[in-house]
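Peer 1: This is the content of final.csv (CSV, C-alpha atoms and all ligand atoms):
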```
chain,number,residue,atom,x,y,z
A,21,MET,CA,2.6,-15.6,-20.1
A,22,LYS,CA,4.3,-12.1,-19.9
A,23,ILE,CA,2.2,-9.2,-18.6
A,24,LEU,CA,3.2,-5.6,-18.5
A,25,GLY,CA,1.8,-3.9,-15.4
A,26,ILE,CA,1.3,-0.2,-15.1
A,27,GLU,CA,0.6,1.8,-11.9
A,28,THR,CA,-0.2,5.5,-11.7
A,29,SER,CA,-2.9,5.8,-9.0
A,30,CYS,CA,-1.0,8.4,-6.9
A,31,ASP,CA,2.5,9.8,-7.1
A,32,GLU,CA,4.6,6.8,-8.4
A,33,THR,CA,4.8,6.2,-12.1
A,34,ALA,CA,5.6,2.4,-12.2
A,35,ALA,CA,5.9,-0.3,-14.8
A,36,ALA,CA,6.9,-4.0,-14.4
A,37,VAL,CA,6.9,-7.2,-16.4
A,38,SER,CA,5.7,-10.5,-14.8
A,39,GLN,CA,6.1,-14.0,-16.1
A,40,ASP,CA,3.4,-16.6,-15.4
A,41,GLY,CA,2.1,-14.7,-12.4
A,42,THR,CA,5.1,-15.7,-10.2
A,43,ALA,CA,8.4,-14.2,-11.5
A,44,ILE,CA,9.1,-10.5,-11.9
A,45,LEU,CA,11.3,-9.9,-14.9
A,46,SER,CA,11.6,-6.1,-14.2
A,47,SER,CA,10.1,-3.5,-11.9
A,48,ILE,CA,10.7,0.2,-12.4
A,49,VAL,CA,9.3,2.9,-10.0
A,50,SER,CA,9.7,6.5,-10.7
A,51,SER,CA,8.9,8.5,-7.6
A,52,GLN,CA,7.5,12.0,-7.7
A,53,VAL,CA,8.3,12.6,-4.0
A,54,ALA,CA,10.6,15.5,-4.9
A,55,VAL,CA,7.9,17.2,-6.9
A,56,HIS,CA,5.3,17.1,-4.1
A,57,ALA,CA,7.5,17.5,-1.0
A,58,PRO,CA,7.5,21.3,-1.1
A,59,TYR,CA,3.7,21.2,-0.8
A,60,GLY,CA,3.7,18.7,2.1
A,61,GLY,CA,1.5,16.3,0.2
A,62,VAL,CA,0.5,15.0,-3.2
A,63,VAL,CA,-0.8,17.8,-5.6
A,64,PRO,CA,-3.2,15.9,-8.0
A,65,GLU,CA,-2.7,18.2,-10.9
A,66,LEU,CA,1.1,17.9,-10.7
A,67,ALA,CA,0.9,14.1,-10.2
A,68,SER,CA,-1.1,13.8,-13.5
A,69,ARG,CA,1.3,16.0,-15.4
A,70,ASN,CA,4.3,14.1,-14.2
A,71,HIS,CA,2.8,10.8,-15.0
A,72,ILE,CA,2.4,12.0,-18.6
A,73,LYS,CA,6.0,13.0,-18.7
A,74,ASN,CA,7.3,9.7,-17.1
A,75,ILE,CA,5.0,7.0,-18.4
A,76,LEU,CA,6.7,6.2,-21.8
A,77,PRO,CA,10.3,6.3,-20.4
A,78,VAL,CA,9.3,4.1,-17.4
A,79,VAL,CA,7.5,1.5,-19.7
A,80,ASN,CA,10.5,1.5,-22.0
A,81,GLN,CA,12.9,1.0,-19.0
A,82,ALA,CA,10.7,-1.9,-17.8
A,83,LEU,CA,10.8,-3.6,-21.2
A,84,ALA,CA,14.6,-3.0,-21.5
A,85,ALA,CA,15.3,-4.4,-18.0
A,86,ALA,CA,13.2,-7.5,-18.8
A,87,ASP,CA,15.1,-7.8,-22.1
A,88,LEU,CA,11.8,-7.9,-24.0
A,89,LYS,CA,10.3,-6.2,-27.1
A,90,ALA,CA,6.7,-5.0,-26.7
A,91,GLU,CA,5.7,-7.6,-29.3
A,92,GLU,CA,6.7,-10.4,-26.9
A,93,LEU,CA,4.1,-9.3,-24.3
A,94,ASP,CA,0.9,-11.3,-23.9
A,95,ALA,CA,-1.3,-8.7,-22.0
A,96,VAL,CA,-1.2,-5.3,-20.4
A,97,ALA,CA,-2.6,-4.6,-16.9
A,98,ALA,CA,-3.1,-1.2,-15.4
A,99,THR,CA,-4.6,0.2,-12.1
A,100,GLN,CA,-8.2,1.2,-12.7
A,101,ARG,CA,-9.2,2.2,-9.1
A,102,PRO,CA,-9.1,3.6,-6.5
A,103,GLY,CA,-6.9,6.7,-6.7
A,104,LEU,CA,-6.6,10.2,-8.1
A,105,VAL,CA,-8.7,10.2,-11.3
A,106,GLY,CA,-6.3,12.3,-13.3
A,107,ALA,CA,-3.4,10.2,-12.3
A,108,LEU,CA,-5.2,6.9,-12.9
A,109,LEU,CA,-6.3,8.1,-16.4
A,110,VAL,CA,-2.7,8.5,-17.6
A,111,GLY,CA,-1.6,4.9,-16.9
A,112,PHE,CA,-5.0,3.4,-17.7
A,113,SER,CA,-5.4,5.2,-21.1
A,114,PHE,CA,-1.7,4.5,-22.0
A,115,ALA,CA,-2.1,0.8,-21.2
A,116,LYS,CA,-5.4,0.6,-23.2
A,117,ALA,CA,-3.7,2.1,-26.3
A,118,PHE,CA,-0.6,0.0,-25.8
A,119,ALA,CA,-2.6,-3.2,-25.6
A,120,TYR,CA,-4.8,-2.2,-28.5
A,121,GLY,CA,-1.8,-1.4,-30.7
A,122,LEU,CA,-0.3,-4.8,-30.0
A,123,GLY,CA,-3.6,-6.6,-30.4
A,124,ILE,CA,-3.3,-8.2,-26.9
A,125,PRO,CA,-5.8,-8.2,-23.9
A,126,PHE,CA,-6.1,-5.3,-21.5
A,127,ILE,CA,-6.8,-5.8,-17.8
A,128,GLY,CA,-8.0,-3.1,-15.4
A,129,VAL,CA,-6.8,-4.0,-11.9
A,130,ASP,CA,-8.0,-2.9,-8.4
A,131,HIS,CA,-5.0,-1.3,-6.7
A,132,LEU,CA,-6.1,-2.9,-3.4
A,133,ASP,CA,-6.0,-6.4,-5.0
A,134,GLY,CA,-2.5,-5.4,-6.2
A,135,HIS,CA,-1.3,-4.7,-2.7
A,136,MET,CA,-2.9,-8.0,-1.4
A,137,ALA,CA,-1.1,-9.8,-4.3
A,138,SER,CA,2.2,-8.3,-3.3
A,139,VAL,CA,2.7,-11.1,-0.7
A,140,LEU,CA,2.8,-13.5,-3.6
A,141,LEU,CA,6.2,-12.0,-4.4
A,142,LYS,CA,7.8,-13.3,-1.2
A,143,GLU,CA,9.7,-16.6,-1.1
A,144,SER,CA,7.0,-18.7,0.6
A,145,PRO,CA,3.6,-17.0,-0.2
A,146,PRO,CA,0.7,-17.6,2.1
A,147,PRO,CA,-1.9,-20.3,1.2
A,148,TYR,CA,-5.4,-19.0,0.7
A,149,PRO,CA,-7.5,-18.0,2.7
A,150,PHE,CA,-5.5,-15.6,4.9
A,151,VAL,CA,-6.3,-12.4,6.6
A,152,ALA,CA,-4.5,-9.2,5.5
A,153,LEU,CA,-4.0,-5.7,6.8
A,154,LEU,CA,-3.6,-3.2,4.1
A,155,ALA,CA,-1.8,-0.2,5.6
A,156,SER,CA,-0.9,2.6,3.2
A,157,GLY,CA,-1.2,6.3,2.7
A,158,GLY,CA,-4.6,6.1,1.2
A,159,HIS,CA,-6.1,3.0,2.8
A,160,THR,CA,-6.2,1.1,6.1
A,161,ALA,CA,-8.4,-2.0,6.1
A,162,VAL,CA,-8.5,-5.6,7.2
A,163,TYR,CA,-9.6,-8.3,4.6
A,164,HIS,CA,-10.4,-12.0,4.6
A,165,VAL,CA,-8.5,-12.9,1.4
A,166,ILE,CA,-10.2,-15.9,-0.2
A,167,SER,CA,-8.2,-15.9,-3.5
A,168,PRO,CA,-6.1,-13.4,-5.5
A,169,THR,CA,-9.3,-12.0,-7.0
A,170,ASN,CA,-11.6,-12.2,-4.0
A,171,ALA,CA,-11.3,-10.5,-0.6
A,172,ASP,CA,-14.0,-9.7,1.9
A,173,LEU,CA,-13.7,-6.4,3.8
A,174,MET,CA,-13.8,-7.0,7.6
A,175,GLY,CA,-13.2,-3.4,8.7
A,176,ARG,CA,-11.5,-0.1,7.7
A,177,THR,CA,-10.5,3.3,8.9
A,178,ARG,CA,-13.3,5.7,9.6
A,179,ASP,CA,-11.1,8.7,9.1
A,180,ASP,CA,-7.4,8.9,8.3
A,181,ALA,CA,-5.3,6.1,6.8
A,182,VAL,CA,-2.4,5.0,9.0
A,183,GLY,CA,0.2,6.2,6.5
A,184,GLU,CA,-1.6,9.5,6.4
A,185,ALA,CA,-1.3,9.7,10.2
A,186,PHE,CA,2.5,9.1,9.9
A,187,ASP,CA,2.7,11.8,7.2
A,188,LYS,CA,0.7,14.3,9.3
A,189,ALA,CA,2.6,13.6,12.5
A,190,ALA,CA,5.9,14.2,10.5
A,191,LYS,CA,4.5,17.4,9.0
A,192,MET,CA,3.5,18.8,12.4
A,193,MET,CA,7.1,18.1,13.7
A,194,GLY,CA,8.5,19.8,10.6
A,195,LEU,CA,10.1,16.6,9.3
A,196,GLY,CA,9.0,16.9,5.7
A,197,TYR,CA,7.0,14.6,3.3
A,198,PRO,CA,6.4,11.7,3.2
A,199,GLY,CA,6.7,11.1,6.9
A,200,GLY,CA,6.7,7.3,7.4
A,201,ARG,CA,10.3,6.6,7.0
A,202,VAL,CA,11.4,9.8,8.8
A,203,ILE,CA,9.3,9.0,11.8
A,204,GLU,CA,10.7,5.4,11.9
A,205,GLU,CA,14.3,6.7,11.8
A,206,LEU,CA,13.6,9.3,14.5
A,207,ALA,CA,11.7,6.7,16.6
A,208,ALA,CA,14.8,4.4,16.6
A,209,ARG,CA,16.6,7.1,18.6
A,210,GLY,CA,13.7,7.7,21.0
A,211,ASP,CA,12.2,5.9,24.1
A,212,ASP,CA,8.7,4.5,23.3
A,213,ASN,CA,7.8,4.6,27.0
A,214,ALA,CA,8.7,8.3,27.5
A,215,ILE,CA,5.4,9.6,26.2
A,216,PHE,CA,2.3,7.5,26.2
A,217,PHE,CA,-0.3,7.8,23.5
A,218,THR,CA,-3.7,6.3,24.1
A,219,ARG,CA,-4.2,3.3,21.7
A,220,PRO,CA,-7.1,4.1,19.3
A,221,TYR,CA,-8.7,0.7,19.3
A,222,LEU,CA,-12.3,1.9,19.1
A,223,ASP,CA,-14.1,-1.3,20.1
A,224,LYS,CA,-11.3,-3.9,20.6
A,225,LYS,CA,-13.6,-6.4,18.8
A,226,SER,CA,-14.2,-4.2,15.8
A,227,PHE,CA,-12.0,-4.2,12.8
A,228,ASP,CA,-12.5,-0.5,12.1
A,229,PHE,CA,-9.8,2.0,12.8
A,230,SER,CA,-9.6,5.7,13.7
A,231,PHE,CA,-6.3,7.6,13.5
A,232,SER,CA,-7.5,11.2,13.7
A,233,GLY,CA,-7.4,11.3,17.5
A,234,ILE,CA,-3.8,10.3,17.7
A,235,LYS,CA,-2.9,13.0,15.3
A,236,THR,CA,-4.5,15.5,17.7
A,237,ALA,CA,-2.5,13.9,20.5
A,238,VAL,CA,0.7,14.5,18.6
A,239,SER,CA,-0.2,18.1,18.1
A,240,ARG,CA,-0.9,18.5,21.8
A,241,CYS,CA,2.5,17.0,22.7
A,242,ILE,CA,4.2,19.4,20.3
A,243,GLN,CA,2.5,22.4,22.0
A,244,GLU,CA,3.4,21.1,25.5
A,245,ALA,CA,7.0,20.5,24.5
A,246,GLY,CA,7.3,24.2,23.4
A,247,ALA,CA,10.9,25.3,23.2
A,248,ASP,CA,12.1,21.8,24.2
A,249,LEU,CA,10.5,20.2,21.1
A,250,GLU,CA,13.8,19.4,19.4
A,251,ASN,CA,14.8,17.2,22.4
A,252,GLN,CA,11.4,15.5,22.6
A,253,LYS,CA,10.9,14.7,18.9
A,254,ALA,CA,12.4,11.3,19.0
A,255,ASP,CA,10.3,10.3,22.0
A,256,ILE,CA,7.1,11.6,20.4
A,257,ALA,CA,7.9,9.6,17.2
A,258,ALA,CA,8.7,6.5,19.2
A,259,GLY,CA,5.5,6.8,21.4
A,260,PHE,CA,3.4,7.5,18.3
A,261,GLN,CA,4.8,4.5,16.3
A,262,ALA,CA,4.4,2.2,19.3
A,263,ALA,CA,0.7,3.1,19.7
A,264,VAL,CA,0.0,2.7,16.0
A,265,GLY,CA,1.9,-0.6,15.9
A,266,ASP,CA,-0.1,-2.0,18.9
A,267,VAL,CA,-3.4,-1.2,17.2
A,268,LEU,CA,-2.4,-2.7,13.8
A,269,CYS,CA,-1.1,-5.9,15.5
A,270,HIS,CA,-4.1,-6.3,17.7
A,271,LYS,CA,-6.7,-5.9,14.9
A,272,LEU,CA,-4.8,-8.2,12.5
A,273,ILE,CA,-4.3,-11.0,15.0
A,274,HIS,CA,-7.9,-10.7,16.2
A,275,ALA,CA,-9.0,-11.0,12.6
A,276,ALA,CA,-6.9,-14.2,12.3
A,277,GLU,CA,-8.6,-15.6,15.4
A,278,VAL,CA,-12.1,-14.8,14.2
A,279,LYS,CA,-11.5,-16.3,10.8
A,280,THR,CA,-9.4,-19.2,12.2
A,281,CYS,CA,-6.6,-18.4,9.8
A,282,ARG,CA,-3.0,-19.4,10.6
A,283,ASP,CA,-1.6,-17.1,8.0
A,284,ILE,CA,-1.6,-13.3,8.2
A,285,ALA,CA,-0.3,-10.6,5.9
A,286,LEU,CA,0.7,-7.0,6.3
A,287,VAL,CA,0.8,-5.1,3.0
A,288,GLY,CA,1.0,-1.5,1.8
A,289,GLY,CA,3.5,1.3,2.3
A,290,VAL,CA,3.4,1.1,6.1
A,291,ALA,CA,4.5,-2.5,5.9
A,292,ALA,CA,7.9,-1.2,5.1
A,293,ASN,CA,8.2,-0.1,8.8
A,294,THR,CA,10.8,-2.4,10.4
A,295,HIS,CA,9.6,-1.7,13.9
A,296,ILE,CA,6.0,-2.7,13.0
A,297,ARG,CA,7.3,-5.7,11.0
A,298,GLU,CA,9.2,-6.9,14.0
A,299,GLN,CA,6.4,-6.2,16.5
A,300,LEU,CA,3.9,-8.2,14.4
A,301,ALA,CA,6.4,-11.1,13.8
A,302,LYS,CA,6.8,-11.4,17.6
A,303,ALA,CA,3.1,-11.1,18.4
A,304,ALA,CA,2.3,-13.7,15.8
A,305,ALA,CA,5.0,-16.1,16.8
A,306,THR,CA,3.6,-16.3,20.4
A,307,ARG,CA,0.2,-17.3,18.9
A,308,GLY,CA,1.6,-19.8,16.3
A,309,LEU,CA,0.6,-17.6,13.4
A,310,THR,CA,2.7,-17.2,10.3
A,311,VAL,CA,3.3,-13.6,9.1
A,312,HIS,CA,3.7,-12.7,5.5
A,313,MET,CA,5.1,-9.4,4.4
A,314,PRO,CA,6.1,-8.4,0.9
A,315,PRO,CA,9.8,-7.7,0.2
A,316,LEU,CA,10.5,-4.0,1.0
A,317,ALA,CA,10.5,-3.1,-2.7
A,318,TYR,CA,6.9,-4.2,-3.1
A,319,CYS,CA,5.4,-2.6,0.1
A,320,GLY,CA,4.9,0.9,-1.4
A,321,ASP,CA,3.2,1.5,-4.7
A,322,ASN,CA,4.7,-0.5,-7.6
A,323,ALA,CA,3.6,-2.1,-10.8
A,324,ALA,CA,4.9,-5.7,-10.1
A,325,MET,CA,1.9,-6.2,-7.8
A,326,ILE,CA,-0.4,-4.9,-10.6
A,327,ALA,CA,1.1,-7.3,-13.1
A,328,ILE,CA,0.7,-10.2,-10.7
A,329,ALA,CA,-2.9,-9.4,-9.8
A,330,GLY,CA,-3.6,-8.8,-13.5
A,331,TYR,CA,-2.4,-12.4,-14.2
A,332,HIS,CA,-5.0,-13.8,-11.8
A,333,TYR,CA,-7.7,-11.6,-13.3
A,334,PHE,CA,-6.8,-12.9,-16.7
A,335,GLN,CA,-7.0,-16.5,-15.4
A,336,GLN,CA,-10.6,-15.7,-14.5
A,337,ASN,CA,-11.3,-14.1,-17.9
A,338,ARG,CA,-11.6,-10.7,-16.3
A,339,THR,CA,-10.4,-8.5,-19.1
A,340,THR,CA,-11.4,-4.9,-19.5
A,341,GLY,CA,-13.0,-3.2,-22.5
A,342,LEU,CA,-11.6,-0.1,-24.3
A,343,ALA,CA,-14.7,1.9,-23.3
A,344,ASP,CA,-14.2,1.2,-19.5
A,345,ASP,CA,-13.3,4.1,-17.2
A,346,VAL,CA,-11.3,4.7,-14.0
A,347,TYR,CA,-12.8,5.3,-10.5
A,348,SER,CA,-11.6,7.3,-7.6
A,349,ARG,CA,-13.3,5.2,-5.0
A,350,ALA,CA,-12.6,1.6,-3.9
A,351,ALA,CA,-15.0,-1.1,-5.1
A,352,THR,CA,-17.6,-2.3,-2.7
A,353,ARG,CA,-16.6,-5.6,-1.1
B,401,LIG,O1,1.3,2.0,-0.4
B,401,LIG,P1,1.8,3.4,-0.5
B,401,LIG,O2,3.1,3.6,-1.3
B,401,LIG,O3,0.8,4.3,-1.2
B,401,LIG,C1,-0.6,4.3,-1.1
B,401,LIG,O4,-1.2,3.4,-1.7
B,401,LIG,O5,-1.1,5.1,-0.3
B,401,LIG,O6,2.0,4.0,0.9
B,401,LIG,C2,2.5,5.2,1.2
B,401,LIG,C3,2.4,5.5,2.7
B,401,LIG,C4,2.8,6.9,3.1
B,401,LIG,O7,1.9,7.5,3.9
B,401,LIG,C5,4.2,6.7,3.8
B,401,LIG,O8,4.4,7.7,4.8
B,401,LIG,C6,4.0,5.3,4.4
B,401,LIG,O9,3.3,4.6,3.4
B,401,LIG,N1,5.3,4.7,4.7
B,401,LIG,C7,5.6,4.4,6.0
B,401,LIG,C8,7.0,3.9,5.9
B,401,LIG,N2,7.4,3.9,4.5
B,401,LIG,C9,6.3,4.5,3.9
B,401,LIG,N3,5.0,4.4,7.1
B,401,LIG,C10,5.6,4.0,8.2
B,401,LIG,N4,6.9,3.6,8.2
B,401,LIG,C11,7.6,3.5,7.1
B,401,LIG,N5,8.9,3.0,7.0
B,402,ZN,ZN,-1.0,1.8,-2.7
```
Would you mind writing the structure in this file as structure tokens?
Ligand code: KG4
Ligand code: ZN
Peer 2:
Amino acid sequence: MKILGIETSCDETAAAVSQDGTAILSSIVSSQVAVHAPYGGVVPELASRNHIKNILPVVNQALAAADLKAEELDAVAATQRPGLVGALLVGFSFAKAFAYGLGIPFIGVDHLDGHMASVLLKESPPPYPFVALLASGGHTAVYHVISPTNADLMGRTRDDAVGEAFDKAAKMMGLGYPGGRVIEELAARGDDNAIFFTRPYLDKKSFDFSFSGIKTAVSRCIQEAGADLENQKADIAAGFQAAVGDVLCHKLIHAAEVKTCRDIALVGGVAANTHIREQLAKAAATRGLTVHMPPLAYCGDNAAMIAIAGYHYFQQNRTTGLADDVYSRAATR
């Protein structure tokens, strides 16, 4: 079964083709980073307009890379929620029309199920159930993942998402947008013991997060550094990343203990952070846990994960009607 996946929930216009819910025949991601960078964050109106411009060429590229004609597709899946409504509407409406024109099923997919399905794209995917930490620019949450279509929320951020904290820390240090990769590169040249950031665990037993305090701590460090900021930036980045990494690892491993799961997963844009990947792999190894992280290409927003999740929705007869709408908020779990 060949599914065309479409993702436009934020600032990536993406299309991919999956085969039988396991293989990816093509995956195209057109990033709008250059459009939004001058504003230091995603401008919703510009995101929608750029999706409109990009959607047809990106879908055509995905079909060409998979060496397929549209008529050979069996279904179309598109992100339905959560995200920027204007951005979601472009991919969702396009996908509806595309499926209707071809006379094939249309499947609206939850973006968060997509991220959790992204670990199915690694060589040895985790067996179900497992616990997953979704760490991205819009979301930070821990789930007990029962199946590709069923995950229970264990806890989530009460304020900023962790990727957002990376982006804001980078912005405060004048490093541009998005900040995750820049902070990681800078941190590699710094000493993570030079500046200590209090670990924002909240209650160590809770699976909720809070990253607004550490953002304020970064701002305080910048002020204290004053004219010496340029020399201290790498140490600030390293200290910040170490503190965030400790919290993410602690909560995910604690979730595995509570649910007695041997398999844990880290997904979402922040899962592309090599330092955090290595830190988690080490912490898990000492406890006999197996860590699953998507290949780097599938950590950030992409349509391959939407096509894979769409396949599993279809197996459960979860298709979507042409009158169905998009939603900015995450579904209640
Ligand atoms: O999953 P994603 O592409 O979009 C959302 O669904 O939000 O995640 C984007 C986020 C951004 O905040 C970005 O700064 C962060 O992921 N990110 C990283 C890294 N690469 C991207 N954060 C830390 N280290 C990285 N290497
Ligand atoms: Zn995402």
Peer 1: Can I get the residues close to ligand ZN 402 (chain B) as a list in words, where close means within 7 Å and we count all atoms listed in the file?
Peer 2: His131, Leu132, His135, Ser156, Gly158, Gly288, Gly289, Gly320 and Asp321 of chain A
Peer 1: Go through chain A residue by residue and, counting all atoms listed in the file, keep those with an atom at most 8 Å from ligand LIG 401 (chain B); for each kept residue give the shortest atom pair and its distance in Å to one decimal, ordered by chain and increasing number, as a tab-separated table.
Peer 2:
```
residue	atom	partner	partner_atom	distance
A:Ser29	CA	B:LIG401	O4	7.9
A:Cys30	CA	B:LIG401	C1	7.1
A:Glu32	CA	B:LIG401	O2	7.9
A:His131	CA	B:LIG401	O4	7.8
A:His135	CA	B:LIG401	O1	7.5
A:Ala155	CA	B:LIG401	O1	7.1
A:Ser156	CA	B:LIG401	O6	4.0
A:Gly157	CA	B:LIG401	O5	3.2
A:Gly158	CA	B:LIG401	O5	3.9
A:His159	CA	B:LIG401	O5	6.2
A:Ala181	CA	B:LIG401	O7	7.9
A:Val182	CA	B:LIG401	O7	7.1
A:Gly183	CA	B:LIG401	O7	3.4
A:Glu184	CA	B:LIG401	O7	4.7
A:Ala185	CA	B:LIG401	O7	7.4
A:Phe186	CA	B:LIG401	O8	5.6
A:Asp187	CA	B:LIG401	O8	5.0
A:Tyr197	CA	B:LIG401	O8	7.5
A:Pro198	CA	B:LIG401	O8	4.7
A:Gly199	CA	B:LIG401	O8	4.6
A:Gly200	CA	B:LIG401	N3	3.4
A:Arg201	CA	B:LIG401	N5	3.9
A:Val202	CA	B:LIG401	N5	7.5
A:Ile203	CA	B:LIG401	N4	6.9
A:Glu204	CA	B:LIG401	N4	5.6
A:Val287	CA	B:LIG401	O1	7.9
A:Gly288	CA	B:LIG401	O1	4.1
A:Gly289	CA	B:LIG401	O6	3.4
A:Val290	CA	B:LIG401	N3	3.8
A:Ala291	CA	B:LIG401	C11	6.9
A:Ala292	CA	B:LIG401	N5	4.7
A:Asn293	CA	B:LIG401	N5	3.7
A:Thr294	CA	B:LIG401	N5	6.7
A:Ile296	CA	B:LIG401	N4	8.0
A:Cys319	CA	B:LIG401	O1	6.2
A:Gly320	CA	B:LIG401	O2	3.2
A:Asp321	CA	B:LIG401	O2	4.0
A:Asn322	CA	B:LIG401	O2	7.7
```
Peer 1: Find the spatial neighbours of Ala303 in chain A, counting all atoms listed in the file, within a cut-off of 12 Å - ignore same-chain residues fewer than 2 positions away - and output them as a PyMOL selection string.
Peer 2: chain A and resi 265-274+284+296-301+305-311
Peer 1: Counting all atoms listed in the file, which residues have an atom no more than 9 Å from (0.1, -6.3, -17.5) in the file's coordinates? Please list them as a PDB file with C-alpha atoms, in the coordinates of the input.
Peer 2:
```pdb
ATOM      1  CA  LYS A  22       4.300 -12.100 -19.900  1.00  0.00           C
ATOM      2  CA  ILE A  23       2.200  -9.200 -18.600  1.00  0.00           C
ATOM      3  CA  LEU A  24       3.200  -5.600 -18.500  1.00  0.00           C
ATOM      4  CA  GLY A  25       1.800  -3.900 -15.400  1.00  0.00           C
ATOM      5  CA  ILE A  26       1.300  -0.200 -15.100  1.00  0.00           C
ATOM      6  CA  ALA A  35       5.900  -0.300 -14.800  1.00  0.00           C
ATOM      7  CA  ALA A  36       6.900  -4.000 -14.400  1.00  0.00           C
ATOM      8  CA  VAL A  37       6.900  -7.200 -16.400  1.00  0.00           C
ATOM      9  CA  SER A  38       5.700 -10.500 -14.800  1.00  0.00           C
ATOM     10  CA  LEU A  93       4.100  -9.300 -24.300  1.00  0.00           C
ATOM     11  CA  ASP A  94       0.900 -11.300 -23.900  1.00  0.00           C
ATOM     12  CA  ALA A  95      -1.300  -8.700 -22.000  1.00  0.00           C
ATOM     13  CA  VAL A  96      -1.200  -5.300 -20.400  1.00  0.00           C
ATOM     14  CA  ALA A  97      -2.600  -4.600 -16.900  1.00  0.00           C
ATOM     15  CA  ALA A  98      -3.100  -1.200 -15.400  1.00  0.00           C
ATOM     16  CA  ALA A 115      -2.100   0.800 -21.200  1.00  0.00           C
ATOM     17  CA  PRO A 125      -5.800  -8.200 -23.900  1.00  0.00           C
ATOM     18  CA  PHE A 126      -6.100  -5.300 -21.500  1.00  0.00           C
ATOM     19  CA  ILE A 127      -6.800  -5.800 -17.800  1.00  0.00           C
ATOM     20  CA  GLY A 128      -8.000  -3.100 -15.400  1.00  0.00           C
ATOM     21  CA  ALA A 323       3.600  -2.100 -10.800  1.00  0.00           C
ATOM     22  CA  ALA A 324       4.900  -5.700 -10.100  1.00  0.00           C
ATOM     23  CA  ILE A 326      -0.400  -4.900 -10.600  1.00  0.00           C
ATOM     24  CA  ALA A 327       1.100  -7.300 -13.100  1.00  0.00           C
ATOM     25  CA  ILE A 328       0.700 -10.200 -10.700  1.00  0.00           C
ATOM     26  CA  ALA A 329      -2.900  -9.400  -9.800  1.00  0.00           C
ATOM     27  CA  GLY A 330      -3.600  -8.800 -13.500  1.00  0.00           C
ATOM     28  CA  TYR A 331      -2.400 -12.400 -14.200  1.00  0.00           C
TER      29      TYR A 331
END
```
Peer 1: Measuring atom to atom with all atoms listed in the file, identify which of A:Asn337, A:Leu109, A:Val49, A:Gly61 is nearest to Gly196 in chain A.
Peer 2: A:Gly61
Peer 1: Measuring atom to atom with all atoms listed in the file, identify which of A:Asn251, A:Thr352, A:Gln39, A:Thr340 is nearest to Asn170 in chain A.
Peer 2: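 Ranking A:Asn251, A:Thr352, A:Gln39, A:Thr340 by distance to Asn170 in chain A, first place goes to A:Thr352.
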Peer 1: Interatomic distance between CA of Arg240 in chain A and CA of Pro58 in chain A?
Peer 2: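 We find that CA of Arg240 in chain A and CA of Pro58 in chain A lie 24.6 Å from each other.
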Peer 1: Between CA of Pro146 in chain A and CA of Ala161 in chain A, what is the distance, to one decimal in Å?
Peer 2: 18.5 Å
Peer 1: Quick check, in Å to one decimal: how far apart do CA of Ala207 in chain A and CA of Met193 in chain A lie?
Peer 2: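 Computing the Euclidean distance for CA of Ala207 in chain A and CA of Met193 in chain A yields 12.6 Å.
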Peer 1: As a ChimeraX atom specification, please: the residues near Asp130 in chain A (cut-off 6 Å, all atoms listed in the file, same-chain neighbours under 4 positions excluded).
Peer 2: /A:99-101
Peer 1: Could you check the closest approach to Ile72 in chain A for each of A:Thr236, A:Gln243, A:Ser113, A:Thr177 and tell me which residue wins, using all atoms listed in the file?
Peer 2: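 Closest residue, counting all atoms listed in the file: A:Ser113.
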Peer 1: Excluding Arg349 in chain A and any residue of its chain fewer than 5 positions from it, enumerate the residues within 10 Å of it, using all atoms listed in the file, and give them as a ChimeraX atom specification.
Peer 2: /A:101-105
Peer 1: Using all atoms listed in the file, can you tell me which of A:Val129, A:Ala90, A:Leu206, A:Ala85 comes closest to Arg338 in chain A?
Peer 2: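 Going through A:Val129, A:Ala90, A:Leu206, A:Ala85 one by one, the smallest distance to Arg338 in chain A is for A:Val129.
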Peer 1: Looking at A:Arg353, A:Phe231, A:Ile48, A:Asn213, which one is nearest to Asn80 in chain A, with distances taken over all atoms listed in the file?
Peer 2: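 Checking each candidate against Asn80 in chain A, we get A:Ile48 as the closest.
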Peer 1: Taking all atoms listed in the file into account, name the residue in A:Pro149, A:Val110, A:Gly123, A:Leu141 that is nearest to His164 in chain A.
Peer 2: A:Pro149
